[in-house]
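Coordinates from final.cif are shown below (mmCIF, C-alpha atoms).
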data_structure
loop_
_atom_site.group_PDB
_atom_site.id
_atom_site.type_symbol
_atom_site.label_atom_id
_atom_site.label_comp_id
_atom_site.auth_asym_id
_atom_site.auth_seq_id
_atom_site.Cartn_x
_atom_site.Cartn_y
_atom_site.Cartn_z
ATOM 1 C CA MET P 1 -9.622 23.547 36.970
ATOM 2 C CA TYR P 2 -12.134 22.011 34.594
ATOM 3 C CA ASP P 3 -12.554 18.330 33.910
ATOM 4 C CA ASN P 4 -11.609 17.335 30.331
ATOM 5 C CA ASP P 5 -14.410 14.792 29.992
ATOM 6 C CA GLN P 6 -16.992 17.293 31.178
ATOM 7 C CA LEU P 7 -15.747 19.956 28.770
ATOM 8 C CA ARG P 8 -15.661 17.512 25.868
ATOM 9 C CA SER P 9 -19.206 16.323 26.534
ATOM 10 C CA PHE P 10 -20.459 19.878 26.915
ATOM 11 C CA LEU P 11 -18.867 20.935 23.612
ATOM 12 C CA ALA P 12 -20.450 17.964 21.846
ATOM 13 C CA VAL P 13 -23.852 19.060 23.129
ATOM 14 C CA ALA P 14 -23.140 22.699 22.237
ATOM 15 C CA GLU P 15 -22.243 21.737 18.665
ATOM 16 C CA THR P 16 -25.036 19.226 18.050
ATOM 17 C CA LEU P 17 -27.757 20.675 20.332
ATOM 18 C CA ASN P 18 -28.763 17.079 20.869
ATOM 19 C CA PHE P 19 -27.737 14.805 23.740
ATOM 20 C CA THR P 20 -28.229 11.629 21.702
ATOM 21 C CA ARG P 21 -26.036 12.801 18.814
ATOM 22 C CA ALA P 22 -23.442 14.109 21.282
ATOM 23 C CA ALA P 23 -23.303 10.663 22.895
ATOM 24 C CA GLU P 24 -22.905 8.983 19.483
ATOM 25 C CA ARG P 25 -20.114 11.378 18.533
ATOM 26 C CA LEU P 26 -18.100 10.602 21.662
ATOM 27 C CA GLY P 27 -18.987 6.927 21.895
ATOM 28 C CA LEU P 28 -20.618 7.378 25.298
ATOM 29 C CA SER P 29 -24.078 6.733 26.677
ATOM 30 C CA GLN P 30 -26.631 9.544 26.802
ATOM 31 C CA PRO P 31 -26.886 9.389 30.626
ATOM 32 C CA THR P 32 -23.110 9.840 30.832
ATOM 33 C CA ILE P 33 -23.275 12.961 28.638
ATOM 34 C CA SER P 34 -26.083 14.359 30.790
ATOM 35 C CA GLN P 35 -24.111 13.633 33.957
ATOM 36 C CA HIS P 36 -21.000 15.401 32.587
ATOM 37 C CA VAL P 37 -22.984 18.497 31.655
ATOM 38 C CA ARG P 38 -24.766 18.555 34.999
ATOM 39 C CA LYS P 39 -21.470 18.272 36.912
ATOM 40 C CA LEU P 40 -19.965 21.100 34.846
ATOM 41 C CA GLU P 41 -22.972 23.273 35.646
ATOM 42 C CA ASP P 42 -22.578 22.467 39.339
ATOM 43 C CA HIS P 43 -18.881 23.341 39.113
ATOM 44 C CA VAL P 44 -19.437 26.783 37.575
ATOM 45 C CA GLY P 45 -22.652 27.461 39.512
ATOM 46 C CA ARG P 46 -24.556 28.472 36.369
ATOM 47 C CA GLN P 47 -27.063 26.881 34.028
ATOM 48 C CA LEU P 48 -25.350 26.230 30.711
ATOM 49 C CA VAL P 49 -27.951 24.222 28.780
ATOM 50 C CA SER P 50 -31.700 24.764 28.562
ATOM 51 C CA ARG P 51 -33.675 21.735 27.507
ATOM 52 C CA ASP P 52 -37.286 20.650 27.252
ATOM 53 C CA THR P 53 -39.138 17.960 25.355
ATOM 54 C CA ARG P 54 -38.742 19.823 22.051
ATOM 55 C CA GLU P 55 -35.300 21.411 21.932
ATOM 56 C CA VAL P 56 -31.903 21.878 23.485
ATOM 57 C CA ARG P 57 -30.250 25.295 23.467
ATOM 58 C CA LEU P 58 -27.385 27.060 25.186
ATOM 59 C CA THR P 59 -28.005 29.790 27.728
ATOM 60 C CA ASP P 60 -25.978 33.010 27.599
ATOM 61 C CA ASN P 61 -23.633 31.444 30.155
ATOM 62 C CA GLY P 62 -23.524 28.314 27.981
ATOM 63 C CA ASP P 63 -22.424 30.374 24.967
ATOM 64 C CA ALA P 64 -19.653 31.910 27.060
ATOM 65 C CA MET P 65 -18.565 28.518 28.417
ATOM 66 C CA ALA P 66 -18.456 27.055 24.886
ATOM 67 C CA GLY P 67 -15.898 29.680 23.910
ATOM 68 C CA PHE P 68 -13.836 29.079 27.039
ATOM 69 C CA ALA P 69 -14.071 25.311 26.620
ATOM 70 C CA ARG P 70 -12.756 25.448 23.055
ATOM 71 C CA SER P 71 -9.811 27.569 24.177
ATOM 72 C CA ILE P 72 -9.066 25.277 27.123
ATOM 73 C CA MET P 73 -9.210 22.106 25.020
ATOM 74 C CA ALA P 74 -7.064 23.652 22.263
ATOM 75 C CA ALA P 75 -4.433 24.726 24.796
ATOM 76 C CA GLN P 76 -4.375 21.247 26.316
ATOM 77 C CA ASP P 77 -4.002 19.656 22.881
ATOM 78 C CA ASP P 78 -1.102 21.993 22.088
ATOM 79 C CA ALA P 79 0.575 21.096 25.373
ATOM 80 C CA ALA P 80 0.091 17.371 24.746
ATOM 81 C CA ARG P 81 1.632 17.624 21.264
ATOM 82 C CA TYR P 82 4.547 19.649 22.614
ATOM 83 C CA PHE P 83 5.451 17.279 25.423
ATOM 84 C CA SER P 84 4.770 14.129 23.388
ATOM 85 C CA GLY P 85 7.521 15.130 20.982
ATOM 86 C CA ALA P 86 5.665 17.048 18.286
ATOM 87 C CA ALA P 87 7.923 20.016 18.979
ATOM 88 C CA MET P 88 11.058 17.956 18.426
ATOM 89 C CA ARG P 89 13.457 19.896 16.244
ATOM 90 C CA GLY P 90 16.457 18.986 14.166
ATOM 91 C CA ARG P 91 17.772 17.743 10.852
ATOM 92 C CA LEU P 92 17.270 14.152 9.749
ATOM 93 C CA ARG P 93 19.077 12.829 6.665
ATOM 94 C CA PHE P 94 17.173 9.712 5.629
ATOM 95 C CA GLY P 95 17.958 7.405 2.729
ATOM 96 C CA THR P 96 15.869 4.625 1.229
ATOM 97 C CA ALA P 97 16.367 2.073 -1.528
ATOM 98 C CA ASP P 98 14.265 3.154 -4.492
ATOM 99 C CA ASP P 99 12.094 0.036 -4.690
ATOM 100 C CA LEU P 100 11.237 0.342 -0.971
ATOM 101 C CA ALA P 101 9.679 3.696 -1.840
ATOM 102 C CA TYR P 102 6.924 1.613 -3.491
ATOM 103 C CA THR P 103 5.806 0.273 -0.127
ATOM 104 C CA ARG P 104 3.737 2.275 2.370
ATOM 105 C CA LEU P 105 6.903 4.177 3.245
ATOM 106 C CA PRO P 106 5.810 7.483 1.594
ATOM 107 C CA THR P 107 2.631 7.456 3.688
ATOM 108 C CA ILE P 108 4.678 6.769 6.821
ATOM 109 C CA LEU P 109 7.001 9.675 5.990
ATOM 110 C CA ARG P 110 4.060 11.995 5.345
ATOM 111 C CA ASP P 111 2.514 11.141 8.712
ATOM 112 C CA PHE P 112 5.916 11.553 10.388
ATOM 113 C CA ARG P 113 6.324 15.057 8.956
ATOM 114 C CA GLN P 114 2.855 16.017 10.178
ATOM 115 C CA LEU P 115 3.629 14.716 13.662
ATOM 116 C CA TYR P 116 7.088 16.331 13.770
ATOM 117 C CA PRO P 117 6.802 19.497 11.639
ATOM 118 C CA GLN P 118 9.913 21.018 13.233
ATOM 119 C CA ILE P 119 12.152 18.195 12.000
ATOM 120 C CA ASN P 120 13.850 18.998 8.699
ATOM 121 C CA LEU P 121 13.586 15.667 6.874
ATOM 122 C CA GLU P 122 16.014 15.312 3.951
ATOM 123 C CA LEU P 123 15.317 12.310 1.709
ATOM 124 C CA THR P 124 17.831 10.463 -0.460
ATOM 125 C CA VAL P 125 16.658 7.681 -2.798
ATOM 126 C CA SER P 126 19.373 5.417 -4.175
ATOM 127 C CA GLN P 127 20.623 1.828 -4.307
ATOM 128 C CA SER P 128 21.188 -0.104 -1.098
ATOM 129 C CA ASP P 129 24.962 -0.463 -1.393
ATOM 130 C CA GLN P 130 25.406 3.263 -2.054
ATOM 131 C CA LEU P 131 23.202 4.174 0.902
ATOM 132 C CA TYR P 132 25.148 1.778 3.109
ATOM 133 C CA ARG P 133 28.396 3.469 2.155
ATOM 134 C CA ARG P 134 26.963 6.899 2.902
ATOM 135 C CA VAL P 135 25.584 6.054 6.341
ATOM 136 C CA LYS P 136 28.910 4.436 7.249
ATOM 137 C CA ALA P 137 30.690 7.603 6.079
ATOM 138 C CA GLY P 138 28.448 9.768 8.273
ATOM 139 C CA GLN P 139 26.701 11.387 5.311
ATOM 140 C CA LEU P 140 23.267 10.032 6.273
ATOM 141 C CA ASP P 141 21.617 9.544 9.664
ATOM 142 C CA LEU P 142 19.345 6.573 8.901
ATOM 143 C CA VAL P 143 18.967 4.352 5.846
ATOM 144 C CA PHE P 144 16.348 1.812 4.845
ATOM 145 C CA VAL P 145 18.041 -0.792 2.667
ATOM 146 C CA LYS P 146 17.746 -4.296 1.303
ATOM 147 C CA TRP P 147 20.274 -6.244 3.365
ATOM 148 C CA VAL P 148 21.982 -9.512 2.461
ATOM 149 C CA SER P 149 25.244 -10.959 3.722
ATOM 150 C CA ALA P 150 27.039 -9.772 0.574
ATOM 151 C CA LEU P 151 26.225 -6.128 1.221
ATOM 152 C CA GLN P 152 29.315 -5.295 3.252
ATOM 153 C CA GLU P 153 31.587 -7.114 0.817
ATOM 154 C CA SER P 154 30.051 -5.369 -2.201
ATOM 155 C CA SER P 155 30.381 -2.006 -0.460
ATOM 156 C CA GLY P 156 34.010 -2.510 0.474
ATOM 157 C CA ILE P 157 33.216 -2.103 4.184
ATOM 158 C CA GLU P 158 34.964 -4.246 6.754
ATOM 159 C CA GLY P 159 32.904 -6.125 9.294
ATOM 160 C CA THR P 160 30.577 -9.080 9.402
ATOM 161 C CA GLY P 161 27.160 -10.005 10.665
ATOM 162 C CA GLN P 162 23.708 -8.479 10.621
ATOM 163 C CA GLU P 163 23.424 -4.769 11.277
ATOM 164 C CA GLY P 164 20.479 -2.571 12.129
ATOM 165 C CA ARG P 165 16.853 -3.487 12.768
ATOM 166 C CA VAL P 166 15.008 -5.827 10.436
ATOM 167 C CA VAL P 167 11.617 -4.502 9.381
ATOM 168 C CA ARG P 168 10.683 -7.429 7.141
ATOM 169 C CA HIS P 169 12.165 -10.739 5.950
ATOM 170 C CA ASP P 170 11.765 -11.575 2.264
ATOM 171 C CA HIS P 171 13.444 -13.483 -0.558
ATOM 172 C CA PHE P 172 14.439 -12.568 -4.098
ATOM 173 C CA SER P 173 12.440 -13.960 -7.003
ATOM 174 C CA TRP P 174 13.031 -14.036 -10.733
ATOM 175 C CA VAL P 175 10.280 -11.897 -12.254
ATOM 176 C CA GLY P 176 8.804 -11.641 -15.743
ATOM 177 C CA LEU P 177 5.585 -11.519 -17.707
ATOM 178 C CA GLU P 178 3.078 -14.354 -17.496
ATOM 179 C CA GLN P 179 3.829 -15.166 -21.144
ATOM 180 C CA THR P 180 7.619 -15.070 -20.713
ATOM 181 C CA GLN P 181 9.494 -17.815 -22.572
ATOM 182 C CA LEU P 182 13.168 -18.651 -21.922
ATOM 183 C CA ASP P 183 15.281 -20.968 -24.018
ATOM 184 C CA PRO P 184 17.284 -23.104 -21.536
ATOM 185 C CA GLU P 185 20.188 -23.169 -24.000
ATOM 186 C CA ALA P 186 20.223 -19.411 -24.602
ATOM 187 C CA PRO P 187 21.635 -16.682 -22.345
ATOM 188 C CA VAL P 188 19.145 -15.387 -19.763
ATOM 189 C CA PRO P 189 18.064 -11.847 -20.806
ATOM 190 C CA LEU P 190 18.721 -9.827 -17.667
ATOM 191 C CA ILE P 191 17.287 -6.427 -16.754
ATOM 192 C CA ALA P 192 19.391 -4.843 -14.029
ATOM 193 C CA TYR P 193 20.728 -1.733 -12.389
ATOM 194 C CA PRO P 194 24.169 -0.580 -13.572
ATOM 195 C CA SER P 195 27.210 -1.993 -11.791
ATOM 196 C CA PRO P 196 27.915 -1.851 -8.897
ATOM 197 C CA SER P 197 24.466 -3.043 -7.885
ATOM 198 C CA LEU P 198 23.668 -5.579 -5.199
ATOM 199 C CA SER P 199 20.721 -7.214 -6.988
ATOM 200 C CA ARG P 200 22.684 -7.290 -10.263
ATOM 201 C CA LYS P 201 25.645 -8.979 -8.558
ATOM 202 C CA LEU P 202 23.442 -11.528 -6.797
ATOM 203 C CA ALA P 203 21.574 -12.376 -10.015
ATOM 204 C CA ILE P 204 24.753 -12.835 -12.050
ATOM 205 C CA ASP P 205 26.480 -14.827 -9.304
ATOM 206 C CA ALA P 206 23.467 -17.141 -9.021
ATOM 207 C CA LEU P 207 23.337 -17.731 -12.793
ATOM 208 C CA GLU P 208 27.056 -18.380 -13.105
ATOM 209 C CA SER P 209 27.050 -20.730 -10.105
ATOM 210 C CA ALA P 210 24.309 -22.705 -11.819
ATOM 211 C CA GLY P 211 26.207 -22.786 -15.113
ATOM 212 C CA ARG P 212 23.710 -20.513 -16.891
ATOM 213 C CA THR P 213 24.862 -17.894 -19.357
ATOM 214 C CA TRP P 214 23.384 -14.417 -19.340
ATOM 215 C CA ARG P 215 23.316 -11.109 -21.192
ATOM 216 C CA ILE P 216 22.226 -7.657 -20.073
ATOM 217 C CA THR P 217 19.273 -6.496 -22.166
ATOM 218 C CA CYS P 218 18.558 -3.320 -20.174
ATOM 219 C CA ASN P 219 20.570 -1.137 -17.806
ATOM 220 C CA THR P 220 18.444 1.261 -15.782
ATOM 221 C CA LYS P 221 19.051 3.389 -12.698
ATOM 222 C CA GLU P 222 15.518 3.316 -11.256
ATOM 223 C CA ILE P 223 12.932 0.721 -10.297
ATOM 224 C CA ASN P 224 10.478 2.372 -12.705
ATOM 225 C CA GLY P 225 12.835 1.532 -15.561
ATOM 226 C CA VAL P 226 13.252 -2.054 -14.368
ATOM 227 C CA ILE P 227 9.506 -2.625 -14.224
ATOM 228 C CA ALA P 228 8.881 -0.890 -17.571
ATOM 229 C CA ALA P 229 11.503 -3.061 -19.270
ATOM 230 C CA VAL P 230 10.030 -6.263 -17.813
ATOM 231 C CA ARG P 231 6.537 -5.200 -18.890
ATOM 232 C CA ALA P 232 7.902 -4.584 -22.392
ATOM 233 C CA GLY P 233 9.129 -8.176 -22.523
ATOM 234 C CA ILE P 234 12.782 -7.157 -22.885
ATOM 235 C CA GLY P 235 13.936 -9.652 -20.287
ATOM 236 C CA VAL P 236 13.637 -10.781 -16.680
ATOM 237 C CA THR P 237 14.847 -9.342 -13.392
ATOM 238 C CA VAL P 238 15.179 -10.186 -9.714
ATOM 239 C CA MET P 239 13.322 -8.359 -6.953
ATOM 240 C CA PRO P 240 11.954 -9.044 -3.464
ATOM 241 C CA SER P 241 8.910 -11.281 -3.794
ATOM 242 C CA THR P 242 6.629 -8.969 -1.808
ATOM 243 C CA LEU P 243 7.338 -6.098 -4.213
ATOM 244 C CA ILE P 244 6.302 -7.894 -7.420
ATOM 245 C CA PRO P 245 3.615 -5.850 -9.234
ATOM 246 C CA GLU P 246 0.263 -7.516 -9.849
ATOM 247 C CA ASP P 247 0.765 -7.747 -13.621
ATOM 248 C CA LEU P 248 4.119 -9.557 -13.288
ATOM 249 C CA VAL P 249 4.837 -13.032 -11.908
ATOM 250 C CA SER P 250 7.588 -15.057 -10.293
ATOM 251 C CA ILE P 251 9.138 -17.344 -12.927
ATOM 252 C CA THR P 252 11.822 -18.924 -10.740
ATOM 253 C CA ARG P 253 10.390 -22.457 -10.754
ATOM 254 C CA ARG P 254 8.974 -22.340 -14.257
ATOM 255 C CA PHE P 255 12.382 -22.135 -15.922
ATOM 256 C CA GLU P 256 14.446 -23.710 -13.138
ATOM 257 C CA LEU P 257 16.282 -20.457 -12.544
ATOM 258 C CA PRO P 258 18.712 -20.596 -9.613
ATOM 259 C CA PRO P 259 17.627 -19.204 -6.233
ATOM 260 C CA VAL P 260 19.063 -15.756 -5.550
ATOM 261 C CA GLY P 261 18.739 -15.762 -1.776
ATOM 262 C CA GLU P 262 17.044 -14.191 1.191
ATOM 263 C CA VAL P 263 16.782 -10.449 1.801
ATOM 264 C CA ASP P 264 15.901 -8.317 4.822
ATOM 265 C CA PHE P 265 14.440 -4.820 4.656
ATOM 266 C CA THR P 266 16.645 -3.227 7.281
ATOM 267 C CA LEU P 267 17.082 0.106 9.046
ATOM 268 C CA ILE P 268 20.734 1.025 9.647
ATOM 269 C CA ARG P 269 21.610 4.141 11.610
ATOM 270 C CA ASN P 270 24.563 6.428 11.981
ATOM 271 C CA PRO P 271 25.635 6.106 15.647
ATOM 272 C CA LEU P 272 26.828 9.720 15.643
ATOM 273 C CA ALA P 273 23.444 11.122 14.590
ATOM 274 C CA ARG P 274 21.018 12.635 17.101
ATOM 275 C CA SER P 275 19.472 9.606 18.722
ATOM 276 C CA ASP P 276 16.107 11.188 19.617
ATOM 277 C CA VAL P 277 15.375 12.278 16.048
ATOM 278 C CA VAL P 278 16.545 8.977 14.529
ATOM 279 C CA ASP P 279 14.607 7.013 17.162
ATOM 280 C CA ALA P 280 11.422 8.871 16.227
ATOM 281 C CA LEU P 281 11.580 7.918 12.539
ATOM 282 C CA GLU P 282 12.796 4.396 13.252
ATOM 283 C CA GLN P 283 9.851 3.790 15.559
ATOM 284 C CA ALA P 284 7.449 5.291 13.013
ATOM 285 C CA ILE P 285 8.614 2.773 10.400
ATOM 286 C CA MET P 286 8.807 -0.203 12.773
ATOM 287 C CA GLY P 287 5.344 0.559 14.129
ATOM 288 C CA ARG P 288 3.530 0.391 10.778
ATOM 289 C CA LYS P 289 2.759 -2.370 8.304
ATOM 290 C CA LEU P 290 5.014 -1.932 5.313
ATOM 291 C CA ASN P 291 2.756 -3.407 2.667
ATOM 292 C CA ALA P 292 3.675 -2.998 -0.976
ATOM 293 C CA VAL P 293 1.640 -0.531 -3.055
ATOM 294 C CA GLN P 294 0.766 -1.941 -6.451
ATOM 295 C CA ARG P 295 1.747 0.242 -9.373
#
Could you render the structure as structure tokens?
Amino acid sequence: MYDNDQLRSFLAVAETLNFTRAAERLGLSQPTISQHVRKLEDHVGRQLVSRDTREVRLTDNGDAMAGFARSIMAAQDDAARYFSGAAMRGRLRFGTADDLAYTRLPTILRDFRQLYPQINLELTVSQSDQLYRRVKAGQLDLVFVKWVSALQESSGIEGTGQEGRVVRHDHFSWVGLEQTQLDPEAPVPLIAYPSPSLSRKLAIDALESAGRTWRITCNTKEINGVIAAVRAGIGVTVMPSTLIPEDLVSITRRFELPPVGEVDFTLIRNPLARSDVVDALEQAIMGRKLNAVQR
């Protein structure tokens, strides 16, 4: 049996032919590197490194040990990946709300696929209420949705209370251009997803509760369309405050628009799905900062 630290230090010396650079590479002191190499030489009973005041070089036995050491370290890395879960297999049907795809979620999914290459990840991008219906129907294993108390009611699903694991708390804001102007006597020009849409319903309910009239100026199925329409000055929309692009602004207070409410970015799972595979992706998302990516 060979000591991992000794092999790692020896390989660093073999590749750099310099004890100082080997120490810098591994974040260790030079005496520690020298001690590791010396102990490895004692263990094998052969001189592996020849050194003098001018150069460091490998002996013939050192060349042979370098090859063995690389094989040993590679085999140990493979074993560690296998038993840490990298060899986990299975199918994972994952759904996400389309605007949440503009967070760091794609990077998280890319890293997840690299860590678990044997998991067949199937991605569905849709609206939160549709994803909620599908996970409840057993058609998806895990969904990442914008959750508010009206979600179950809008989806026609019985039950009350918070479900799933909250990744982030947020609130909806009215969003427009910096130069947006709204006539308080005129209908609010609303950019929204087609009905049924949770954000559309919440926006309309908030306006009507406040006695404000409204008109739909743009129906679009994707967040790209919503943002493009707002940038074109066609109207205003509602979206989570942390997802507002840099070139758009919250106009809620400027025009005394009614508050739309709080929202949670939430993971909801299918209890009949394979728990180990779902746990792996859930932990990958919960364990990372889900910052918005400006677009």
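The nearest approach to Ile268 (chain P) among the residues P:Ser128, P:Ser197, P:Ser209, P:Thr180, with only C-alpha atoms taken into account, belongs to P:Ser128.
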My list of candidates is P:Gln139, P:Thr20, P:Ser195, P:Thr124. Which is closest to Asn219 (chain P) when distances are computed with all atoms listed in the file? P:Ser195
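We find CA of Leu267 (chain P) and CA of Leu121 (chain P) to be spaced 16.1 Å apart.
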If the PyMOL selection byres ((chain P and resi 69) around 9) were run on this exact file, what residues would it hold? Put them as a PyMOL selection string. chain P and resi 2+7-8+10-11+64-68+70-74
Under the rule that only C-alpha atoms are counted, which of P:Ala228, P:Leu198, P:Leu28, P:Ala186 is the nearest residue to Trp214 (chain P)? P:Ala186
For this structure, which residues satisfy the selection - the PyMOL selection byres ((chain P and resi 93) around 9) - when it is evaluated on the file as given? I want them as an mmCIF file with C-alpha atoms, in the coordinates of the input.
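Final output, selection-v9.cif:
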data_model
loop_
_atom_site.group_PDB
_atom_site.id
_atom_site.type_symbol
_atom_site.label_atom_id
_atom_site.label_comp_id
_atom_site.auth_asym_id
_atom_site.auth_seq_id
_atom_site.Cartn_x
_atom_site.Cartn_y
_atom_site.Cartn_z
ATOM 1 C CA ARG P 91 17.772 17.743 10.852
ATOM 2 C CA LEU P 92 17.270 14.152 9.749
ATOM 3 C CA PHE P 94 17.173 9.712 5.629
ATOM 4 C CA GLY P 95 17.958 7.405 2.729
ATOM 5 C CA ASN P 120 13.850 18.998 8.699
ATOM 6 C CA LEU P 121 13.586 15.667 6.874
ATOM 7 C CA GLU P 122 16.014 15.312 3.951
ATOM 8 C CA LEU P 123 15.317 12.310 1.709
ATOM 9 C CA THR P 124 17.831 10.463 -0.460
ATOM 10 C CA GLN P 139 26.701 11.387 5.311
ATOM 11 C CA LEU P 140 23.267 10.032 6.273
ATOM 12 C CA ASP P 141 21.617 9.544 9.664
ATOM 13 C CA LEU P 142 19.345 6.573 8.901
ATOM 14 C CA VAL P 143 18.967 4.352 5.846
#
Just give me the residues with any atom within 12 Å of (14.4, 6.6, 12.6), file coordinates, counting all atoms listed in the file, written as number ranges by chain. P: 91-96, 108-109, 112, 119, 121, 140-144, 164-165, 167, 266-271, 273-287
Fewer than 4 positions away in the same chain doesn't count, so skip those; otherwise give me all residues within 9 Å of Gln47 (chain P), counting all atoms listed in the file, as a PyMOL selection string. chain P and resi 38+41-42+58-62
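Within 8 Å of Ala12 (chain P), once all atoms listed in the file are used and residues closer than 5 positions along the same chain are dropped, the contacting residues are Leu17, Ala22, Ala23, Arg25 and Leu26 of chain P.
Excluding Ile251 (chain P) itself and any same-chain residue fewer than 2 positions from it, the protein and nucleic acid residues within 7 Å of it, counting all atoms listed in the file, are P:Trp174, P:Val175, P:Gly176, P:Val249, P:Arg253, P:Arg254, P:Phe255.
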Once you count all atoms listed in the file, which residues end up no further than 12 Å from (-32.3, 19.8, 28.0) in the file's frame, shown as a list of chain:residue names? P:Phe10, P:Val13, P:Ala14, P:Leu17, P:Asn18, P:Phe19, P:Thr20, P:Gln30, P:Ile33, P:Ser34, P:Gln35, P:Val37, P:Arg38, P:Gln47, P:Leu48, P:Val49, P:Ser50, P:Arg51, P:Asp52, P:Thr53, P:Arg54, P:Glu55, P:Val56, P:Arg57, P:Leu58, P:Thr59
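Checking P:Gln114, P:Gln127, P:Ser250, P:Asn224 one by one against Val236 (chain P), counting only C-alpha atoms, you find the shortest gap at P:Ser250.
In this comparison, which uses all atoms listed in the file, the residue of P:Asp205, P:Asp129, P:Glu246, P:Glu222 approaching Glu178 (chain P) most closely is P:Glu246.
The interatomic distance for the pair CA of Leu182 (chain P) and CA of Gly235 (chain P) works out to 9.2 Å.
CA of Thr242 (chain P) to CA of Leu100 (chain P) spans 10.4 Å [interatomic distance, one decimal].
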Could you check the closest approach to Arg168 (chain P) for each of P:Ala206, P:Val145, P:Val44, P:Ile234 and tell me which residue wins, using only C-alpha atoms? P:Val145
Centre and edge lengths, as AutoDock Vina command-line options, for the axis-aligned box enclosing every listed atom of region 185-195 of chain P with 4 Å of padding on each of the six sides, in Å to one decimal?
--center_x 22.2 --center_y -11.9 --center_z -18.2 --size_x 17.9 --size_y 30.6 --size_z 20.8
List the residues matched by the PyMOL selection byres ((chain P and resi 216) around 9) in the displayed structure as a count of residues only, ordered by chain and then by residue number. 11
